[in-house]
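Presented below is the structure to which this report refers.
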Amino acid sequence: MVKSKFDFIDLEIQNLKAEDRYNYIRVIEGPQGAWLNIEGKKKLNFCSNNYLGLANHPEIVNFVKENLDKYGIGPGAVRSIAGTNLLHIELERKLSEFKGTQDTILLQSGFNANLAVIPTLLDSPEDAVISDELNHASIIDAIRLSKAKRFIYKHSDVDDLESKLKQADGSRRKIVVTDGVFSMDGDIAPLPEIAKLCQKYEAILVVDDAHGEGVLGEKGRGIVNYFSKKGELSEDMVDIEVGTLSKAFGVVGGFVSSNKKVIEFLKQKARPFLFSSALTIPDTLAAIKAIDIILNSNVVEKLWENTNYFKTEMKKMGFDLGNSQTPITPVMLYKESLAQEFAKLLFEEDVFAVPIFYPTVPKGKARIRTMISAIHTKEDLDFALEKFYKIGKKLAVI
Ligand SMILES: Cc1ncc(COP(=O)(O)O)c(C=O)c1O
């Protein structure tokens with residue numbers, strides 16, 4: 001056979017398949033919802049981040065349709081060159097109000113929002129970033145793009161964080177960054193303790209609230225509101241919140257909320273803002289409406305009702321749900337091959353929940369990551385529980 005310069009790809013793909021780490025991506029033949037059409041059949045959706053069911057909410061769809069004639073589709077270019085649509089400003093205002101911050105900057109995704117924050121604020125080897133070992137890939141990549149010295153602390157371990165802060169003492173600028181809710185485990189960062197340490201060591205605190213918005217706190221205002229309502233945190237102790245519109249808001253896009261000074265700086269210097277086009281008009285419209293629905297309905301309460309029911313029943317059956325405290329419900333299976341097999345059998349039983357394995361989680365920590373939504377009915381949850389029980393028994397997991 002003729003040798004090609006891409007032979008290395010064949011080898012890598014073979015390895016992924018041999019190690020049960022190859023991603024098989026399903027084609028969804030319709031909108032997001034509690035049930036999806038896949039391969040011409042209805043499958044119960046147990047893996048999307050559509051926490052509140054807003055990804056195909058009729059009021060949002062209508063609002064976007066009604067406004068498309070007026071505003072069109074595309075943003076034209078980056079905002080600093082082509083100007084900013086007034087809808088972007090309106091969404092930034094609404095997000096600031098929702099999060100209780102002075103100001104907000106929109107980005108094209110949560111991933112880009114992290115890339116906008118860390119490399120922009122830390123641009124010298126004299127700076128330091130101190131990051132939880134389980135932080136999201138976008139934080140890891142943002143750190144790689146910054147010039148700062150890196151310190152990784154053990155997951156949610158505030159003693160280890162303090163020892164890393166001591167090591168970073170004397171740095172020009174310091175950022176401590178953590179996921180608010182950890183995306184693959186569903187546990188909540190000990191933000192009050194982290195914030196206290198940031199005050200003590202004069203570090204900027206950045207929290208990525210991608211899985212807290214629409215989920216935690218009063219009306220889903222997020223992790224900072226959640227801890228401040230409990231009286232454990234004063235909101236001004238958290239300097240910067242990174243957010244996404246791609247999960248509970250049901251759209252796509254990202255944002256950073258903070259004080260006016262930080263947002264002004266990001267609008268002048270953050271490369272994803274300056275060199276990548278703005279959020280599209282339909283996405284912006286949809287997010288504006290999504291905030292109204294979150295604030296004026298009981299979707300967040302319904303999400304928690306469903307979550308508590310499903311998790312209680314799964315635990316009763318004997319499933320290991322790790323340390324989850326939120327609707328992110330990992331069903332821990334540890335072995336990659338077992339997770340693949342479990343997901344395959346679930347799919348045959350019309351439940352769509354995917355296996356998660358390295359590099360998304362550490363090796364030997366494979367799982368099915370189930371995601372509960374406000375739009376699941378009790379019947380949907382019972383359907384899933386029955387299938388989990390059947391397969392759990394068959395594969396001797398419970
Ligand atoms: C903690 C965290 N941050 C950022 C992101 C990226 O968000 P987006 O999908 O909007 O790029 C995700 C999504 O997976 C996430 O879980």
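Residues are referred to by chain and number: the chain letter is A, B, ... according to the order shown in the structure tokens, the number counts from 1 in that chain, and ligands are numbered separately from 1 in the order shown.
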
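Those residues that approach Asp209 (chain A) to within 9 Å, counting only C-alpha atoms, are A:Thr178, A:Asp179, A:Gly180, A:Val181, A:Gly212, A:Glu213, A:Gly222, A:Ile223, A:Val224, A:Glu241, A:Val242, A:Gly243, A:Thr244; same-chain residues fewer than 3 positions away are not listed.
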
Item to check | Nearby residues (only C-alpha atoms) at most 12 Å from Asn306 (chain A), same-chain spacing under 4 positions excluded, as a PyMOL selection string | outcome: chain A and resi 51-52+299-302+310-313+326-329+371-382

Next on the checklist: Could you pull out the helix (DSSP H, G or I) residues of region 124-225 of chain A, going by DSSP on the backbone, and write them as a ChimeraX atom specification?
Outcome noted: /A:137-145,158-167,191-200,218-220,223-225

Next on the checklist: From the options A:Lys365, A:Lys316, A:Arg144, A:His136, which residue's atoms come nearest to ligand 1, counting only C-alpha atoms and all ligand atoms?
Outcome noted: A:His136

Next on the checklist: Which residues are near region 150-166 of chain A? Cut-off 12 Å, only C-alpha atoms, ignore same chain within fewer than 3 positions. Put them as an NGL selection string.
Outcome noted: :A and (118 or 122 or 124-135 or 139-147 or 169-171 or 173-182 or 185 or 187-204 or 323)

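Atom pair CA of Lys344 (chain A) / CA of Lys390 (chain A): separated by 13.2 Å.
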
Checklist entry - What residues have any atom no more than 7 Å from ligand 1 when counting only C-alpha atoms and all ligand atoms, and can you list them as a PyMOL selection string? => result chain A and resi 109-112+135-136+138+179+182-183+208-211+244-246+252-254

Item to check | Contacts of Tyr24 (chain A) within 12 Å, only C-alpha atoms, excl. fewer than 5 positions in-chain, as a list in words | outcome: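 The residues satisfying every condition are Leu16, Lys17, Gln340, Ala343, Lys344, Val354, Pro355 and Ile356 of chain A.
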
Checklist entry - Within 12 Å of Ser297 (chain A), counting only C-alpha atoms, which residues qualify if same-chain residues fewer than 5 places away don't, as a VMD selection string? => result chain A and resid 52 54 214 219 to 220 290 to 292 302 to 303 374

Next on the checklist: Given only C-alpha atoms as the basis, pick out the residue of A:Tyr22, A:Phe265, A:Phe357, A:Tyr389 nearest to Thr104 (chain A).
Outcome noted: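 Looking only at the distances to Thr104 (chain A), the closest residue turns out to be A:Phe265.
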
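Nearest to Ala113 (chain A) of all the residues A:Asp7, A:Val206, A:Thr360, A:Phe352 is A:Val206, counting only C-alpha atoms.
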
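Proximity ranking of A:Lys269, A:Lys289, A:Lys260, A:Lys315 relative to Met332 (chain A) places A:Lys315 first, based on only C-alpha atoms.
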
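Put simply, CA of Lys99 (chain A) is 5.7 Å away from CA of Arg221 (chain A).
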
Item to check | DSSP-assigned strand (DSSP E or B) members of region 18-171 of chain A, reported as number ranges by chain | outcome: A: 28, 35-38, 41-45, 103-107, 128-132, 149-153

Item to check | Pairwise distance for CA of Val361 (chain A) and CA of Met184 (chain A), rounded to one decimal in Å | outcome: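 These atoms are spaced 7.1 Å apart.
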